[in-house]
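Dropping entry.tsv in here (TSV, C-alpha atoms):
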chain	number	residue	atom	x	y	z
A	1	MET	CA	-3.57	-28.40	-18.47
A	2	ILE	CA	-7.24	-28.04	-19.36
A	3	ALA	CA	-9.54	-30.69	-17.89
A	4	ALA	CA	-11.17	-32.97	-20.44
A	5	SER	CA	-14.65	-31.98	-19.26
A	6	ALA	CA	-13.85	-28.28	-19.61
A	7	ARG	CA	-12.41	-28.81	-23.07
A	8	ALA	CA	-15.49	-30.78	-24.10
A	9	THR	CA	-17.82	-28.07	-22.84
A	10	ALA	CA	-15.80	-25.36	-24.55
A	11	TRP	CA	-16.36	-27.16	-27.85
A	12	ALA	CA	-19.96	-28.15	-27.07
A	13	VAL	CA	-21.11	-24.57	-26.52
A	14	PRO	CA	-20.08	-23.19	-29.94
A	15	ILE	CA	-21.29	-26.36	-31.64
A	16	ALA	CA	-24.70	-25.90	-30.01
A	17	VAL	CA	-24.77	-22.19	-30.90
A	18	GLU	CA	-24.00	-22.74	-34.56
A	19	MET	CA	-26.28	-25.77	-34.83
A	20	THR	CA	-29.06	-23.64	-33.37
A	21	ALA	CA	-28.49	-21.04	-36.09
A	22	LEU	CA	-28.55	-23.83	-38.65
A	23	VAL	CA	-31.83	-25.23	-37.31
A	24	ARG	CA	-33.31	-21.73	-37.35
A	25	SER	CA	-32.37	-21.42	-41.02
A	26	VAL	CA	-33.96	-24.79	-41.77
A	27	ILE	CA	-37.18	-23.77	-40.01
A	28	LEU	CA	-37.38	-20.44	-41.80
A	29	ALA	CA	-36.43	-21.88	-45.19
A	30	ARG	CA	-39.03	-24.65	-44.95
A	31	LEU	CA	-41.83	-22.42	-43.64
A	32	LEU	CA	-41.10	-19.25	-45.62
A	33	GLY	CA	-39.80	-20.40	-49.00
A	34	VAL	CA	-36.97	-19.02	-51.10
A	35	GLU	CA	-38.15	-15.42	-51.54
A	36	GLU	CA	-39.15	-14.72	-47.93
A	37	PHE	CA	-36.02	-16.48	-46.70
A	38	GLY	CA	-34.00	-14.15	-48.89
A	39	GLN	CA	-35.73	-11.20	-47.22
A	40	ALA	CA	-34.83	-12.60	-43.81
A	41	ALA	CA	-31.23	-12.89	-44.98
A	42	LEU	CA	-31.17	-9.15	-45.70
A	43	LEU	CA	-32.36	-8.46	-42.16
A	44	ALA	CA	-29.70	-10.78	-40.76
A	45	VAL	CA	-26.86	-9.20	-42.73
A	46	THR	CA	-27.93	-5.72	-41.59
A	47	LEU	CA	-27.86	-6.70	-37.93
A	48	ARG	CA	-24.56	-8.51	-38.41
A	49	LEU	CA	-23.01	-5.40	-39.92
A	50	VAL	CA	-23.81	-3.37	-36.82
A	51	GLU	CA	-22.72	-6.14	-34.45
A	52	MET	CA	-19.36	-6.61	-36.12
A	53	ALA	CA	-18.69	-2.90	-36.56
A	54	SER	CA	-19.14	-2.32	-32.81
A	55	ASP	CA	-17.31	-5.34	-31.40
A	56	ILE	CA	-14.92	-3.92	-28.80
A	57	GLY	CA	-13.87	-7.33	-27.50
A	58	VAL	CA	-15.43	-7.06	-24.04
A	59	GLU	CA	-15.42	-10.83	-23.47
A	60	ARG	CA	-11.86	-11.19	-24.74
A	61	LEU	CA	-10.56	-8.42	-22.49
A	62	LEU	CA	-12.32	-9.99	-19.52
A	63	ALA	CA	-10.76	-13.38	-20.32
A	64	GLN	CA	-7.16	-12.25	-20.75
A	65	ALA	CA	-6.67	-9.18	-18.56
A	66	THR	CA	-4.58	-9.73	-15.44
A	67	ASP	CA	-7.30	-7.97	-13.42
A	68	GLY	CA	-10.13	-9.75	-15.22
A	69	ASP	CA	-11.48	-11.13	-11.95
A	70	SER	CA	-11.88	-7.68	-10.41
A	71	ALA	CA	-15.37	-6.38	-9.78
A	72	ALA	CA	-14.31	-2.90	-10.89
A	73	LEU	CA	-13.26	-4.00	-14.38
A	74	GLN	CA	-16.37	-6.12	-14.77
A	75	ALA	CA	-18.61	-3.19	-13.82
A	76	ASN	CA	-16.93	-0.98	-16.40
A	77	LEU	CA	-17.26	-3.69	-19.02
A	78	HIS	CA	-20.99	-3.77	-18.25
A	79	GLY	CA	-21.00	-0.05	-18.88
A	80	ALA	CA	-19.15	-0.53	-22.16
A	81	LEU	CA	-21.79	-3.06	-23.23
A	82	ILE	CA	-24.56	-0.53	-22.58
A	83	LEU	CA	-22.77	2.16	-24.58
A	84	ARG	CA	-22.24	-0.32	-27.38
A	85	GLY	CA	-25.93	-1.29	-27.37
A	86	ALA	CA	-27.01	2.34	-27.64
A	87	ALA	CA	-24.57	2.95	-30.49
A	88	MET	CA	-25.81	-0.15	-32.30
A	89	ALA	CA	-29.44	0.93	-32.00
A	90	LEU	CA	-28.56	4.34	-33.44
A	91	CYS	CA	-26.64	2.78	-36.33
A	92	LEU	CA	-29.53	0.43	-37.07
A	93	GLY	CA	-31.83	3.42	-37.32
A	94	VAL	CA	-29.61	4.94	-39.99
A	95	LEU	CA	-29.13	1.64	-41.81
A	96	ALA	CA	-32.89	1.06	-41.82
A	97	VAL	CA	-33.32	4.01	-44.16
A	98	VAL	CA	-30.35	3.04	-46.33
A	99	MET	CA	-31.41	-0.60	-46.72
A	100	SER	CA	-35.06	0.18	-47.42
A	101	VAL	CA	-33.99	2.56	-50.20
A	102	ALA	CA	-31.26	0.31	-51.62
A	103	PHE	CA	-33.53	-2.74	-51.66
A	104	PRO	CA	-37.06	-1.44	-52.30
A	105	SER	CA	-38.44	-4.96	-52.72
A	106	GLY	CA	-36.85	-6.04	-49.42
A	107	PRO	CA	-38.06	-5.73	-45.83
A	108	ALA	CA	-39.98	-2.62	-44.80
A	109	LEU	CA	-38.40	0.29	-42.94
A	110	LEU	CA	-40.20	-0.53	-39.68
A	111	THR	CA	-38.97	-4.11	-39.83
A	112	TYR	CA	-35.37	-2.93	-39.97
A	113	LEU	CA	-36.03	-0.52	-37.10
A	114	ALA	CA	-37.43	-3.35	-34.98
A	115	LEU	CA	-34.01	-5.01	-35.10
A	116	ALA	CA	-32.77	-2.32	-32.71
A	117	LEU	CA	-34.53	-4.21	-29.91
A	118	VAL	CA	-31.91	-6.95	-30.15
A	119	PRO	CA	-28.73	-4.96	-29.35
A	120	CYS	CA	-30.59	-2.84	-26.80
A	121	GLY	CA	-31.52	-5.98	-24.89
A	122	LYS	CA	-28.14	-7.70	-25.17
A	123	ALA	CA	-26.49	-4.63	-23.66
A	124	PHE	CA	-27.67	-5.81	-20.23
A	125	LEU	CA	-26.10	-9.27	-20.21
A	126	HIS	CA	-24.35	-10.16	-16.95
A	127	LEU	CA	-20.70	-10.97	-17.63
A	128	ASP	CA	-20.22	-13.40	-14.75
A	129	VAL	CA	-20.71	-16.35	-17.09
A	130	ARG	CA	-17.89	-15.04	-19.29
A	131	ARG	CA	-15.63	-14.30	-16.30
A	132	ALA	CA	-15.89	-17.97	-15.36
A	133	GLU	CA	-14.05	-18.84	-18.59
A	134	ARG	CA	-10.85	-17.57	-16.98
A	135	SER	CA	-10.83	-20.76	-14.89
A	136	PHE	CA	-12.08	-22.92	-17.79
A	137	SER	CA	-15.62	-23.13	-16.44
A	138	TYR	CA	-18.21	-23.03	-19.23
A	139	ARG	CA	-21.35	-24.32	-17.51
A	140	GLY	CA	-22.94	-20.90	-17.10
A	141	LEU	CA	-22.24	-19.92	-20.69
A	142	ALA	CA	-23.74	-23.21	-21.86
A	143	LEU	CA	-26.95	-22.59	-19.90
A	144	VAL	CA	-27.28	-19.03	-21.21
A	145	GLU	CA	-26.84	-20.17	-24.80
A	146	ALA	CA	-29.24	-23.10	-24.32
A	147	ALA	CA	-31.98	-20.86	-22.96
A	148	GLY	CA	-31.56	-18.45	-25.86
A	149	ALA	CA	-31.59	-21.29	-28.38
A	150	VAL	CA	-34.83	-22.80	-27.11
A	151	ALA	CA	-36.60	-19.44	-27.03
A	152	MET	CA	-35.39	-18.50	-30.51
A	153	LEU	CA	-36.35	-21.77	-32.19
A	154	VAL	CA	-39.80	-21.94	-30.60
A	155	VAL	CA	-40.66	-18.36	-31.51
A	156	ALA	CA	-39.21	-18.70	-35.02
A	157	ALA	CA	-41.36	-21.73	-35.74
A	158	LEU	CA	-44.54	-20.23	-34.29
A	159	VAL	CA	-44.28	-16.83	-35.99
A	160	ALA	CA	-43.11	-18.25	-39.32
A	161	HIS	CA	-45.96	-20.75	-39.32
A	162	HIS	CA	-48.61	-18.14	-38.55
A	163	THR	CA	-47.33	-15.29	-40.71
A	164	GLY	CA	-45.27	-16.88	-43.48
A	165	SER	CA	-43.20	-13.70	-43.33
A	166	HIS	CA	-39.57	-12.78	-42.75
A	167	ILE	CA	-40.63	-10.83	-39.64
A	168	ALA	CA	-40.35	-14.18	-37.87
A	169	LEU	CA	-36.60	-13.59	-37.68
A	170	VAL	CA	-37.04	-10.36	-35.70
A	171	PHE	CA	-39.33	-12.02	-33.16
A	172	ALA	CA	-36.98	-14.99	-32.85
A	173	LEU	CA	-33.90	-12.86	-32.20
A	174	ALA	CA	-35.78	-10.75	-29.66
A	175	ALA	CA	-36.90	-13.87	-27.79
A	176	GLN	CA	-33.35	-15.21	-27.79
A	177	THR	CA	-32.03	-11.96	-26.33
A	178	VAL	CA	-34.57	-11.83	-23.51
A	179	ALA	CA	-33.85	-15.43	-22.51
A	180	GLN	CA	-30.08	-14.95	-22.53
A	181	VAL	CA	-30.19	-11.78	-20.45
A	182	VAL	CA	-32.56	-13.23	-17.86
A	183	VAL	CA	-30.57	-16.46	-17.42
A	184	SER	CA	-27.24	-14.63	-17.26
A	185	HIS	CA	-28.54	-12.64	-14.29
A	186	LEU	CA	-30.05	-15.69	-12.59
A	187	LEU	CA	-26.70	-17.51	-12.76
A	188	ALA	CA	-24.54	-14.57	-11.71
A	189	GLU	CA	-22.47	-14.82	-8.54
A	190	ARG	CA	-21.90	-11.07	-8.25
A	191	ARG	CA	-24.42	-8.29	-7.96
A	192	TYR	CA	-24.91	-6.53	-11.30
A	193	ARG	CA	-22.96	-3.27	-11.27
A	194	VAL	CA	-22.41	-0.70	-13.98
A	195	SER	CA	-19.63	1.88	-14.11
A	196	PHE	CA	-18.44	4.38	-16.70
A	197	GLU	CA	-15.07	5.38	-15.28
A	198	ARG	CA	-13.14	7.47	-17.77
A	199	ALA	CA	-9.84	5.64	-17.38
A	200	ALA	CA	-11.53	2.27	-17.78
A	201	MET	CA	-13.48	3.39	-20.84
A	202	LEU	CA	-10.26	4.64	-22.44
A	203	ARG	CA	-8.59	1.33	-21.66
A	204	ILE	CA	-11.46	-0.64	-23.16
A	205	TRP	CA	-11.43	1.59	-26.22
A	206	ALA	CA	-7.66	1.21	-26.65
A	207	PHE	CA	-8.09	-2.55	-26.56
A	208	GLY	CA	-11.21	-2.64	-28.71
A	209	ALA	CA	-10.57	0.00	-31.38
A	210	PRO	CA	-8.28	-2.22	-33.47
A	211	LEU	CA	-10.81	-5.02	-33.06
A	212	ILE	CA	-13.54	-2.74	-34.40
A	213	ALA	CA	-11.38	-2.05	-37.44
A	214	ASN	CA	-10.88	-5.77	-37.85
A	215	ALA	CA	-14.59	-6.43	-37.38
A	216	GLY	CA	-15.37	-3.94	-40.11
A	217	LEU	CA	-13.01	-5.81	-42.38
A	218	MET	CA	-14.55	-9.09	-41.26
A	219	PHE	CA	-17.93	-7.77	-42.33
A	220	LEU	CA	-16.51	-6.99	-45.73
A	221	THR	CA	-15.02	-10.47	-45.91
A	222	LEU	CA	-18.02	-12.43	-44.61
A	223	GLN	CA	-21.14	-10.34	-45.17
A	224	ALA	CA	-20.63	-7.78	-47.95
A	225	ASP	CA	-20.68	-10.51	-50.58
A	226	ARG	CA	-24.30	-11.13	-49.63
A	227	LEU	CA	-25.30	-7.55	-50.34
A	228	ILE	CA	-23.52	-7.66	-53.69
A	229	ILE	CA	-25.27	-10.91	-54.61
A	230	ALA	CA	-28.67	-9.61	-53.49
A	231	LYS	CA	-28.30	-6.50	-55.62
A	232	ALA	CA	-26.82	-8.17	-58.71
A	233	TYR	CA	-28.56	-11.57	-58.72
A	234	GLY	CA	-31.71	-11.07	-56.60
A	235	VAL	CA	-32.98	-12.37	-53.26
A	236	ASP	CA	-33.60	-15.88	-54.62
A	237	ALA	CA	-29.91	-16.29	-55.49
A	238	LEU	CA	-29.06	-14.76	-52.11
A	239	ALA	CA	-31.23	-17.36	-50.35
A	240	VAL	CA	-29.38	-20.28	-51.98
A	241	PHE	CA	-25.99	-18.67	-51.40
A	242	VAL	CA	-26.70	-17.98	-47.73
A	243	ILE	CA	-27.74	-21.58	-47.12
A	244	VAL	CA	-24.55	-23.06	-48.58
A	245	LEU	CA	-22.39	-20.34	-47.02
A	246	GLN	CA	-23.86	-21.01	-43.60
A	247	LEU	CA	-23.16	-24.72	-43.91
A	248	SER	CA	-19.61	-24.08	-45.07
A	249	LEU	CA	-18.91	-21.58	-42.29
A	250	LEU	CA	-20.46	-23.73	-39.57
A	251	PRO	CA	-17.23	-25.60	-38.68
A	252	ALA	CA	-15.18	-22.40	-39.03
A	253	LEU	CA	-17.45	-20.48	-36.68
A	254	ILE	CA	-17.52	-23.34	-34.19
A	255	THR	CA	-13.74	-23.52	-34.30
A	256	GLY	CA	-13.45	-19.77	-33.83
A	257	ARG	CA	-15.78	-19.72	-30.83
A	258	ALA	CA	-14.03	-22.67	-29.21
A	259	ALA	CA	-10.65	-21.08	-29.85
A	260	ALA	CA	-11.78	-17.85	-28.19
A	261	SER	CA	-12.63	-19.82	-25.05
A	262	LEU	CA	-9.69	-22.24	-25.07
A	263	LEU	CA	-6.75	-20.53	-26.74
A	264	ALA	CA	-6.94	-17.15	-24.98
A	265	PRO	CA	-6.11	-18.54	-21.53
A	266	VAL	CA	-3.69	-21.09	-23.01
A	267	PHE	CA	-1.73	-18.42	-24.88
A	268	ARG	CA	-1.83	-16.10	-21.86
A	269	ARG	CA	-0.18	-18.76	-19.72
A	270	ALA	CA	2.27	-19.69	-22.49
A	271	VAL	CA	3.37	-16.05	-22.77
A	272	ASP	CA	4.08	-15.99	-19.04
A	273	ALA	CA	6.01	-19.26	-19.29
A	274	GLY	CA	7.98	-18.22	-22.37
A	275	THR	CA	6.57	-21.11	-24.44
A	276	VAL	CA	4.13	-19.20	-26.65
A	277	GLY	CA	6.00	-20.08	-29.86
A	278	ARG	CA	5.62	-23.78	-29.27
A	279	ALA	CA	1.96	-23.41	-28.21
A	280	ALA	CA	1.23	-21.40	-31.36
A	281	GLN	CA	2.86	-23.99	-33.62
A	282	GLN	CA	0.90	-26.83	-32.07
A	283	SER	CA	-2.40	-24.94	-32.39
A	284	LEU	CA	-1.72	-24.02	-36.01
A	285	LEU	CA	-0.91	-27.61	-36.99
A	286	ALA	CA	-4.03	-28.93	-35.28
A	287	HIS	CA	-6.27	-26.42	-37.02
A	288	ALA	CA	-4.64	-27.10	-40.40
A	289	ALA	CA	-5.50	-30.79	-40.01
A	290	LEU	CA	-9.11	-29.86	-39.18
A	291	ALA	CA	-9.25	-27.69	-42.29
A	292	VAL	CA	-8.15	-30.50	-44.60
A	293	VAL	CA	-10.72	-32.92	-43.18
A	294	PHE	CA	-13.47	-30.33	-43.48
A	295	PHE	CA	-12.69	-29.46	-47.11
A	296	GLY	CA	-12.92	-33.06	-48.30
A	297	GLY	CA	-16.10	-33.78	-46.39
A	298	PHE	CA	-17.91	-30.63	-47.47
A	299	VAL	CA	-17.14	-31.06	-51.17
A	300	LEU	CA	-18.48	-34.61	-51.06
A	301	LEU	CA	-21.59	-34.06	-48.97
A	302	ALA	CA	-22.77	-30.45	-49.30
A	303	ASP	CA	-25.22	-30.87	-52.19
A	304	VAL	CA	-26.82	-33.95	-50.63
A	305	VAL	CA	-27.15	-32.28	-47.24
A	306	VAL	CA	-28.67	-29.08	-48.66
A	307	THR	CA	-31.18	-30.98	-50.80
A	308	VAL	CA	-32.28	-33.27	-47.97
A	309	ILE	CA	-32.52	-30.62	-45.26
A	310	TYR	CA	-33.67	-27.53	-47.14
A	311	GLY	CA	-35.23	-28.94	-50.31
A	312	ALA	CA	-34.32	-29.13	-53.98
A	313	ALA	CA	-35.05	-25.41	-54.49
A	314	PHE	CA	-31.90	-24.58	-52.50
A	315	SER	CA	-29.55	-27.03	-54.31
A	316	PRO	CA	-26.23	-25.26	-55.16
A	317	ASP	CA	-23.97	-25.49	-58.21
A	318	ALA	CA	-20.85	-27.64	-57.71
A	319	PRO	CA	-18.27	-24.86	-58.38
A	320	ILE	CA	-19.87	-22.72	-55.65
A	321	VAL	CA	-19.60	-25.62	-53.21
A	322	VAL	CA	-15.88	-26.12	-53.93
A	323	ALA	CA	-15.07	-22.42	-53.66
A	324	LEU	CA	-16.97	-22.00	-50.38
A	325	ALA	CA	-15.32	-25.13	-48.98
A	326	ALA	CA	-11.88	-23.74	-49.78
A	327	ALA	CA	-12.66	-20.38	-48.21
A	328	ALA	CA	-14.03	-21.91	-45.01
A	329	ALA	CA	-11.12	-24.37	-44.74
A	330	LEU	CA	-8.68	-21.48	-44.90
A	331	ARG	CA	-10.58	-19.70	-42.14
A	332	ILE	CA	-10.32	-22.79	-39.93
A	333	ALA	CA	-6.60	-23.11	-40.62
A	334	ARG	CA	-5.83	-19.54	-39.64
A	335	THR	CA	-8.03	-19.41	-36.52
A	336	PRO	CA	-5.09	-19.56	-34.05
A	337	LEU	CA	-3.42	-16.57	-35.70
A	338	SER	CA	-6.04	-14.03	-34.66
A	339	GLN	CA	-6.34	-15.52	-31.15
A	340	LEU	CA	-2.57	-15.39	-30.75
A	341	ALA	CA	-2.39	-11.77	-31.87
A	342	VAL	CA	-5.07	-10.71	-29.38
A	343	SER	CA	-3.41	-12.68	-26.57
A	344	LEU	CA	-0.16	-10.82	-27.24
A	345	GLY	CA	-1.94	-7.46	-27.20
A	346	ARG	CA	-1.33	-7.00	-30.93
A	347	THR	CA	-5.02	-6.41	-31.64
A	348	GLY	CA	-4.27	-4.59	-34.87
A	349	ASP	CA	-2.70	-7.64	-36.55
A	350	PRO	CA	-6.00	-9.40	-37.42
A	351	ALA	CA	-7.19	-6.23	-39.16
A	352	ARG	CA	-3.95	-5.96	-41.13
A	353	ALA	CA	-4.36	-9.55	-42.29
A	354	ASN	CA	-8.02	-9.12	-43.23
A	355	VAL	CA	-7.22	-6.13	-45.42
A	356	MET	CA	-6.08	-8.69	-47.98
A	357	ARG	CA	-9.48	-10.40	-47.92
A	358	ALA	CA	-11.35	-7.10	-48.07
A	359	LEU	CA	-9.41	-5.94	-51.14
A	360	VAL	CA	-10.86	-8.74	-53.26
A	361	LEU	CA	-14.27	-7.08	-52.96
A	362	LEU	CA	-13.15	-4.81	-55.77
A	363	PRO	CA	-12.84	-7.62	-58.35
A	364	VAL	CA	-15.90	-9.33	-56.81
A	365	THR	CA	-17.97	-6.21	-57.42
A	366	ALA	CA	-16.57	-5.87	-60.93
A	367	LEU	CA	-17.51	-9.46	-61.71
A	368	ALA	CA	-21.05	-8.91	-60.41
A	369	LEU	CA	-21.48	-5.75	-62.50
A	370	THR	CA	-20.38	-7.58	-65.65
A	371	GLY	CA	-22.83	-10.44	-65.06
A	372	ALA	CA	-20.17	-13.09	-64.46
A	373	PRO	CA	-21.29	-16.47	-63.09
A	374	LEU	CA	-21.82	-16.46	-59.35
A	375	TRP	CA	-19.14	-19.09	-58.74
A	376	THR	CA	-16.44	-16.76	-60.04
A	377	LEU	CA	-17.28	-14.27	-57.30
A	378	VAL	CA	-17.04	-16.98	-54.66
A	379	ALA	CA	-13.74	-18.28	-56.04
A	380	THR	CA	-12.28	-14.78	-55.93
A	381	ALA	CA	-13.36	-14.45	-52.31
A	382	ALA	CA	-11.62	-17.76	-51.51
A	383	LEU	CA	-8.42	-16.35	-53.01
A	384	GLY	CA	-8.75	-13.43	-50.62
A	385	GLU	CA	-8.94	-15.85	-47.68
A	386	ALA	CA	-5.67	-17.43	-48.81
A	387	LEU	CA	-3.98	-14.03	-49.01
A	388	ALA	CA	-5.28	-13.10	-45.56
A	389	ALA	CA	-3.93	-16.35	-44.09
A	390	LEU	CA	-0.49	-15.72	-45.55
A	391	ARG	CA	-0.47	-12.16	-44.28
A	392	GLY	CA	-1.55	-13.23	-40.80
A	393	TRP	CA	1.24	-15.79	-40.60
A	394	GLN	CA	3.78	-13.24	-41.83
A	395	LEU	CA	2.78	-10.73	-39.16
A	396	LEU	CA	3.31	-13.32	-36.42
A	397	SER	CA	6.36	-15.03	-37.89
A	398	ASP	CA	8.52	-13.63	-35.09
A	399	VAL	CA	6.41	-15.52	-32.55
A	400	PHE	CA	6.74	-18.85	-34.33
A	401	ALA	CA	10.51	-18.35	-34.53
A	402	LYS	CA	10.91	-17.99	-30.77
A	403	THR	CA	12.39	-20.83	-28.74
A	404	PRO	CA	10.56	-21.94	-25.56
A	405	THR	CA	12.89	-19.83	-23.40
A	406	GLN	CA	12.55	-16.61	-25.35
A	407	LYS	CA	9.99	-13.94	-24.51
A	408	VAL	CA	7.81	-12.30	-27.13
A	409	MET	CA	7.44	-8.55	-27.11
A	410	SER	CA	3.80	-7.50	-27.16

What is this structure when it is put down as structure tokens?
Amino acid sequence: MIAASARATAWAVPIAVEMTALVRSVILARLLGVEEFGQAALLAVTLRLVEMASDIGVERLLAQATDGDSAALQANLHGALILRGAAMALCLGVLAVVMSVAFPSGPALLTYLALALVPCGKAFLHLDVRRAERSFSYRGLALVEAAGAVAMLVVAALVAHHTGSHIALVFALAAQTVAQVVVSHLLAERRYRVSFERAAMLRIWAFGAPLIANAGLMFLTLQADRLIIAKAYGVDALAVFVIVLQLSLLPALITGRAAASLLAPVFRRAVDAGTVGRAAQQSLLAHAALAVVFFGGFVLLADVVVTVIYGAAFSPDAPIVVALAAAAALRIARTPLSQLAVSLGRTGDPARANVMRALVLLPVTALALTGAPLWTLVATAALGEALAALRGWQLLSDVFAKTPTQKVMS
């Protein structure tokens, strides 16, 4: 059983992380205005592309591996983080040229290049705070995230106020990274060690490669719409869309982060006990109930919340609100499916499910090219979420069919 305090902290950390991102958006939107905020959104989506396309699941491997407490594995995971950071910086250099050409009225080339500071810095995080999650201890992670949040919000406000430019986002993210890295090392119990053992790197790659494929699909499902909207409807429309999208995804992202901390060890123990089918059913029902509550609340309150917090300039159309609410609710409902697949070692299943969501980008792009109303694009994307949820459940149907005494082949 998970202690109530540990469960509360596991939920508090992702809530604080996502609320910090929301507050950052409010600060930038209020201080920069619609156009400059749209420029910042282009920077954010570029960085997110690189982050998602290089996610090898270091934290997840550390949390679920039987030897996750070993210093040797942790040192190699540190090495994997450094390799990932270097790869991300290189990719950002290439994307800087592509984005500056594709969006000539967007951020400058040097601004995109400056984003490379963020992954380079995060590559040196100490993983002790993530290793503690194996025993349901989240205090260190909470302190690391809190330090990063304070640094980011302070710098975002100061730079945005003095410059009135989207470059405030770059400074804010850099400040967040420095604070997180420093605090992670101050809280570490072990000496920071880095290894690049061939066998360990191959193991990490074997675990992470399917997750990279899934992350690429996740980018297409969560971020590519923004690029399509920016190109077809302009940065002003992108600014409004990003605001409502962020609000709609807030509960889904919180749920996903909490699930990564809570469900991974729960499913790992359930697999060992032969009760994973029952644990999966309970998790799926709980998340479905959360999804229903969220959908009703968001449809009723979204327009009021956006207008009050961000201003009337960011007020969304009602059909967009409903479509985004449906898409986010579906993401909440299917959260346990991806966590279950990873816990069983079936890291390719989330990617197979998300193929269904990625495929709807074809009709989404066609709608944008024909000048269709923006809400039709969002509704089509929501349909893709439904198809992905159905596919994810189908792939794991054998798990849900198992009795508590039956083992699941991974």

Legend entry - Computed interatomic separation between atom CA of A:His185 and atom CA of A:Asp128 (Å):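 We find that atom CA of A:His185 and atom CA of A:Asp128 lie 8.4 Å from each other.
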
Inset, instruction - Take atom CA of A:Arg130 and atom CA of A:Leu396 and report the distance between them in Å, one decimal. - result: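 We find that atom CA of A:Arg130 and atom CA of A:Leu396 lie 27.3 Å from each other.
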
Inset, instruction - Would you please work out which residue, of A:Phe400, A:Pro319, A:Gly68, A:Asn354, is nearest to A:Leu377 when using only C-alpha atoms? - result: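 Smallest separation from A:Leu377 among the options: A:Pro319.
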
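Closest approach to A:Leu127 from the set A:Ala389, A:Leu77, A:Val98, A:Leu158 is made by A:Leu77, with distances taken over only C-alpha atoms.
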
Inset, instruction - Between atom CA of A:Leu28 and atom CA of A:Leu90, measure the distance and give it in Å to one decimal. - result: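 Separation of atom CA of A:Leu28 and atom CA of A:Leu90: 27.6 Å.
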
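With all atoms listed in the file as the atoms that count, the minimum distance from A:Ala172 to the choices A:His126, A:Arg24, A:Arg268, A:Arg131 is reached by A:Arg24.
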
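Neighbouring residues of A:Glu133 at 7 Å or closer, counting only C-alpha atoms and skipping chain neighbours under 3 positions away, are Ala63, Arg130, Phe136, Ser137, Tyr138 and Ser261 of chain A.
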
Save out the residues we just selected, C-alpha atoms, as a compact mmCIF listing (two decimals), keeping the file's coordinate frame.
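Output file again-v1.txt follows:
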# COMPACT_ATOMS: atom_id res chain seq x y z
CA ALA A 63 -10.76 -13.38 -20.32
CA ARG A 130 -17.89 -15.04 -19.29
CA PHE A 136 -12.08 -22.92 -17.79
CA SER A 137 -15.62 -23.13 -16.44
CA TYR A 138 -18.21 -23.03 -19.23
CA SER A 261 -12.63 -19.82 -25.05

Inset, instruction - Would you please work out which residue, of A:Ala188, A:Cys91, A:Ile309, A:Leu344, is nearest to A:Leu61 when using all atoms listed in the file? - result: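 Of all the options, A:Leu344 lies closest to A:Leu61.
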
Legend entry - Residue list as an MDAnalysis selection string for point (-10.7, 3.4, -19.8), cut-off 12 Å, all atoms listed in the file: chainID A and resid 72:73 75:77 79:80 195:208

Inset, instruction - Find the residues around A:Gln176 up to 8 Å (all atoms listed in the file counted), leave out those fewer than 4 positions away in its own chain, and share them as an MDAnalysis selection string. - result: chainID A and resid 147:152 172 180

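Shortest separation to A:Glu51 among A:Ala286, A:Leu31, A:Cys120, A:Leu330 occurs at residue A:Cys120, atoms counted being all atoms listed in the file.
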
Inset, instruction - Write out as number ranges by chain the residues lying within 9 Å of stretch 228-240 of chain A, counting only C-alpha atoms and excluding same-chain residues fewer than 3 positions away. - result: A: 29, 34-42, 102-103, 106, 224-225, 243-245, 313-316, 364-365, 368-369, 371, 374

Legend entry - Residue nearest A:Ser397 - candidates A:Gly296, A:Gly348, A:Gly277, A:Gly93, atoms counted: all atoms listed in the file: A:Gly277

Inset, instruction - Write out as a ChimeraX atom specification which residues come within 10 Å of A:Leu324 when counting all atoms listed in the file, dropping same-chain ones fewer than 5 positions away. - result: /A:241,244-249,295,298-299,319,329-330,375,378-379,381-382
